[in-house]
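I have placed the structure first, in the form of structure tokens, so that the comments after it can refer back to it.
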Amino acid sequence: MLDDLAALVIQLDDTELVGGDIAIHLVEIGYCNARYRDAIDFASALRARLRRYVRLPEVAEAAREEFKERVG
């Protein structure tokens, strides 16, 4: 799994997008009752989102805009 995540991060080449995605989802766990069974489940969900960002650049762009709005 870690190799998959590393490859996706390299492929995206956008640390702000990846970091923002992780940060937002950690905040949702801490403050918005989002739940994952364990760290593997969290990493699997992250991998799915990153794959979607790679496959659909418009989704990645929408995520960037959402992160900017949330950060303020």
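Starting from 1 in every chain, residues are counted up; chains themselves are A, B, ... following the order of the structure tokens, and ligands are numbered from 1 as listed.
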
Helix (DSSP H, G or I) positions in chain A, given as a ChimeraX atom specification: /A:2-12,15-31,39-55,57-71

With only C-alpha atoms as the counted atoms, please give the residues lying no more than 12 Å from A:Ala48, apart from itself and same-chain residues fewer than 4 positions off, as a list in words. Met1, Asp4, Leu5, Leu8, Asp21, Asp41, Phe42, Ala43, Ser44, Arg52, Tyr53, Val54 and Arg55 of chain A

Separation of atom CA of A:Arg70 from atom CA of A:Ile10, in Å and rounded to one decimal: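 Pair atom CA of A:Arg70 / atom CA of A:Ile10 returns 24.7 Å.
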
Taking only C-alpha atoms into account, name the residue in A:His25, A:Gly20, A:Ala45, A:Ala34 that is nearest to A:Phe67. A:Gly20

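In this model, the gap between atom CA of A:Pro57 and atom CA of A:Gly30 comes to 28.4 Å.
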
Would you list the contacts of A:Ile24 as a list in words, taking every protein, DNA or RNA residue within 12 Å and counting only C-alpha atoms, but skipping same-chain residues closer than 4 positions in sequence?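 Residues meeting the cut-off are Glu16, Leu17, Val18, Gly19, Gly20, Glu28, Ile29, Gly30, Tyr31, Cys32, Ala34, Leu46, Ala63, Arg64, Glu66, Phe67, Lys68, Glu69, Arg70 and Val71 of chain A.
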
Between atom CA of A:Val9 and atom CA of A:Arg47 - distance in Å to one decimal: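 Atom-to-atom, atom CA of A:Arg47 to atom CA of A:Val9, that is 9.5 Å.
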
Distance criterion (only C-alpha atoms): nearest to A:Leu26 out of A:Asp14, A:Ala39, A:Gly72, A:Ala7: A:Ala39
